[in-house]
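Raw contents of data-v8.txt, compact mmCIF, C-alpha atoms:
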```
# COMPACT_ATOMS: atom_id res chain seq x y z
CA MET A 1 -4.86 0.85 -21.50
CA ILE A 2 -6.75 2.05 -18.40
CA ARG A 3 -8.63 4.64 -20.45
CA GLU A 4 -9.97 1.89 -22.71
CA LEU A 5 -10.97 -0.18 -19.68
CA VAL A 6 -12.88 2.68 -18.05
CA ASP A 7 -14.45 3.67 -21.39
CA ARG A 8 -15.63 0.09 -21.86
CA LEU A 9 -17.02 -0.15 -18.32
CA LEU A 10 -18.86 3.13 -18.75
CA LYS A 11 -20.61 1.69 -21.83
CA VAL A 12 -22.10 -1.23 -19.88
CA ASP A 13 -25.87 -0.84 -20.10
CA SER A 14 -28.53 -3.12 -18.62
CA ASP A 15 -31.77 -2.96 -16.67
CA LEU A 16 -29.70 -3.38 -13.47
CA VAL A 17 -25.97 -2.71 -13.16
CA VAL A 18 -24.10 -2.91 -9.86
CA THR A 19 -20.84 -1.01 -9.51
CA VAL A 20 -18.71 -1.56 -6.40
CA THR A 21 -15.63 0.61 -5.87
CA ALA A 22 -13.21 0.34 -2.97
CA PRO A 23 -10.04 2.26 -2.18
CA LEU A 24 -6.92 0.24 -1.40
CA ASP A 25 -3.91 1.11 0.73
CA ARG A 26 -0.93 0.86 -1.62
CA ARG A 27 1.55 1.30 1.22
CA ARG A 28 0.24 -1.80 3.00
CA PRO A 29 -0.61 -4.48 0.42
CA HIS A 30 -2.41 -7.57 1.75
CA ASN A 31 -3.76 -5.71 4.79
CA ASP A 32 -6.90 -6.97 6.50
CA GLU A 33 -8.68 -3.60 6.34
CA ASP A 34 -8.80 -3.64 2.52
CA ARG A 35 -10.08 -7.20 2.45
CA ILE A 36 -12.76 -6.51 5.09
CA ARG A 37 -13.86 -3.25 3.43
CA PHE A 38 -14.19 -4.96 0.05
CA ARG A 39 -16.11 -7.90 1.53
CA ASN A 40 -18.49 -5.53 3.38
CA LEU A 41 -19.15 -3.56 0.19
CA LEU A 42 -20.01 -6.78 -1.63
CA ILE A 43 -22.40 -7.75 1.18
CA ASP A 44 -23.98 -4.28 0.94
CA ALA A 45 -24.36 -4.79 -2.82
CA HIS A 46 -26.14 -8.10 -2.19
CA HIS A 47 -28.61 -6.45 0.20
CA ARG A 48 -29.27 -3.54 -2.12
CA VAL A 49 -29.84 -5.70 -5.19
CA LEU A 50 -32.22 -8.02 -3.33
CA ALA A 51 -34.11 -5.01 -1.94
CA VAL A 52 -34.72 -3.76 -5.49
CA ARG A 53 -35.53 -7.10 -7.10
CA ASP A 54 -35.48 -10.68 -5.99
CA ASP A 55 -35.73 -12.78 -9.12
CA GLN A 56 -33.64 -15.05 -11.35
CA ARG A 57 -31.86 -12.11 -13.02
CA ALA A 58 -30.88 -10.61 -9.65
CA ARG A 59 -29.47 -13.93 -8.51
CA ALA A 60 -27.53 -14.28 -11.78
CA LEU A 61 -26.13 -10.76 -11.31
CA LEU A 62 -25.00 -11.57 -7.76
CA ASP A 63 -23.43 -14.86 -8.86
CA HIS A 64 -21.49 -13.04 -11.61
CA MET A 65 -20.43 -10.30 -9.17
CA ASP A 66 -19.18 -12.82 -6.59
CA ALA A 67 -17.24 -14.79 -9.21
CA ALA A 68 -15.54 -11.67 -10.57
CA ALA A 69 -14.74 -10.37 -7.07
CA ALA A 70 -13.22 -13.72 -6.07
CA ASP A 71 -10.60 -13.34 -8.82
CA VAL A 72 -9.29 -9.97 -7.56
CA GLU A 73 -5.86 -9.95 -5.88
CA LEU A 74 -6.18 -7.00 -3.49
CA GLY A 75 -2.50 -7.04 -2.51
CA ALA A 76 -1.18 -6.00 -5.92
CA GLY A 77 -0.41 -2.40 -4.93
CA ALA A 78 -3.28 -0.69 -6.78
CA HIS A 79 -5.07 2.47 -5.65
CA GLY A 80 -8.51 0.87 -5.87
CA VAL A 81 -10.71 -1.89 -7.18
CA VAL A 82 -13.91 -1.83 -9.24
CA VAL A 83 -16.47 -4.57 -9.82
CA VAL A 84 -19.16 -4.05 -12.47
CA ALA A 85 -21.89 -6.69 -12.75
CA THR A 86 -25.09 -7.31 -14.69
CA SER A 87 -27.17 -10.45 -15.03
CA GLU A 88 -25.16 -11.31 -18.17
CA MET A 89 -21.59 -10.41 -17.19
CA ALA A 90 -19.23 -9.13 -14.52
CA GLU A 91 -15.71 -7.72 -14.48
CA ALA A 92 -13.38 -6.82 -11.64
CA HIS A 93 -10.25 -4.72 -12.08
CA LEU A 94 -7.55 -3.10 -10.00
CA LEU A 95 -7.26 0.61 -10.71
CA PRO A 96 -4.17 2.85 -10.87
CA PHE A 97 -6.14 5.85 -9.55
CA PRO A 98 -7.93 6.45 -6.25
CA VAL A 99 -11.65 5.69 -5.95
CA SER A 100 -14.24 6.28 -3.27
CA GLU A 101 -15.84 3.52 -1.27
CA ALA A 102 -19.25 3.01 -2.91
CA VAL A 103 -21.97 0.65 -4.06
CA ALA A 104 -24.07 2.01 -6.93
CA LEU A 105 -27.11 0.51 -8.62
CA GLY A 106 -28.34 1.87 -11.93
CA THR A 107 -28.74 1.14 -15.60
CA THR A 108 -25.07 1.94 -16.35
CA ALA A 109 -21.74 1.55 -14.56
CA ALA A 110 -21.13 5.32 -14.67
CA THR A 111 -20.10 6.38 -11.19
CA ARG A 112 -18.29 9.48 -10.03
CA SER A 113 -15.11 7.48 -9.34
CA LEU A 114 -14.97 5.95 -12.81
CA VAL A 115 -15.74 9.21 -14.58
CA GLN A 116 -13.09 11.02 -12.53
CA GLY A 117 -10.69 8.19 -13.37
CA LEU A 118 -10.89 9.19 -17.03
CA ALA A 119 -9.59 12.62 -16.11
CA HIS A 120 -6.90 11.35 -13.72
CA PRO A 121 -3.46 12.19 -15.07
CA ALA A 122 -1.13 9.29 -15.56
CA LEU A 123 1.45 9.19 -12.82
CA SER A 124 4.89 9.44 -14.29
CA ARG A 125 8.42 10.25 -13.30
CA ALA A 126 10.88 12.14 -15.41
CA CYS A 127 14.62 12.40 -15.20
CA SER A 128 16.59 15.07 -16.95
CA VAL A 129 20.17 14.50 -17.95
CA GLY A 130 22.24 17.57 -18.57
CA PRO A 131 25.73 19.03 -18.15
CA ARG A 132 24.94 20.31 -14.61
CA ASP A 133 23.68 18.60 -11.50
CA ALA A 134 20.11 19.52 -10.79
CA PRO A 135 18.08 18.66 -7.71
CA LEU A 136 15.11 16.38 -8.36
```
If you convert what's in this file into structure tokens, what do you get?
Amino acid sequence: MIRELVDRLLKVDSDLVVTVTAPLDRRRPHNDEDRIRFRNLLIDAHHRVLAVRDDQRARALLDHMDAAAADVELGAGAHGVVVVATSEMAEAHLLPFPVSEAVALGTTAATRSLVQGLAHPALSRACSVGPRDAPL
């Protein structure tokens, strides 16, 4: 499921793509630091987009980004959050793997955090049942 999501996000291609990634503290859901960090990254994204271009497409991109970001529930216990926006679309998702705090502008959504997320092993727990007690 997450592999398909990241694969799809990495295929986003446009003349301007903004990718915002933010780490989240899983041990303290709904903390103010996560909310403030995420908000500040979105503000940084606004400034960077408007520094590169200030036209109708840039404003559409920022509107899409803000709408997608508004739908994210940061207190859900995820490791991180990603927002990918173009002038035509935007998506925001909680991630089950850690990401770095970053704002990236480019022609694709390919960032180090998303690419590394493809290689991140799924976290799993195993329990062995046998005739002897074994420490876990």
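Interatomic distance, atom CA of Arg26 of chain A against atom CA of Thr111 of chain A: 22.1 Å.
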Quick check, in Å to one decimal: how far apart do atom CA of Asp66 of chain A and atom CA of Arg3 of chain A lie?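 Atom CA of Arg3 of chain A lies 24.7 Å from atom CA of Asp66 of chain A.
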Check the smallest atom-to-atom distance from each of A:Ala78, A:Leu94, A:Met89, A:Leu42 to Arg27 of chain A using all atoms listed in the file, then report the winner.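 Among the listed residues, A:Ala78 lies closest to Arg27 of chain A.
Comparing the minimum interatomic distances between Ala90 of chain A and each of A:Thr107, A:Val52, A:Leu74, A:Ala68, counting only C-alpha atoms, we find that A:Ala68 sits nearest.
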With only C-alpha atoms as the atoms that count, which of A:Ala104, A:Val115, A:Ala85, A:Leu16 lies nearest to His64 of chain A?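 Nearest candidate to His64 of chain A out of A:Ala104, A:Val115, A:Ala85, A:Leu16: A:Ala85.
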Between atom CA of Asp15 of chain A and atom CA of Asp44 of chain A, what is the distance, to one decimal in Å?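 According to the coordinates, atom CA of Asp15 of chain A and atom CA of Asp44 of chain A are separated by 19.3 Å.
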Need the shell around Val99 of chain A: protein/DNA/RNA residues with any atom at most 7 Å away, counting only C-alpha atoms. Skip same-chain ones fewer than 3 positions apart. Format as a count of residues only? 5
Tell me which of A:Ile2, A:Leu24, A:Ala67, A:Val81 sits closest to Val103 of chain A, counting all atoms listed in the file.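 Smallest separation from Val103 of chain A among the options: A:Val81.
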Protein/DNA/RNA residues near (-7.6, 3.3, -13.3), cut 6 Å, only C-alpha atoms, as a ChimeraX atom specification: /A:2,95-97,117
Quick one: of A:Glu88, A:Lys11, A:Met65, A:Ala110, who's nearest to Leu41 of chain A, counting all atoms listed in the file?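 Smallest separation from Leu41 of chain A among the options: A:Met65.
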Let me know the centre plus edge lengths, in Å and rounded to one decimal, of a box with edges along x, y and z that contains all listed atoms of segment 54-64 of chain A and is padded by 4 Å on every side, as lines of an AutoDock Vina configuration file.
```
center_x = -28.6
center_y = -12.8
center_z = -9.5
size_x = 22.2
size_y = 12.4
size_z = 15.0
```
Choose the residue, out of A:Val18, A:Ala51, A:Leu105, A:Val83, that has the smallest atom-to-atom separation from Ala69 of chain A; count all atoms listed in the file. A:Val83
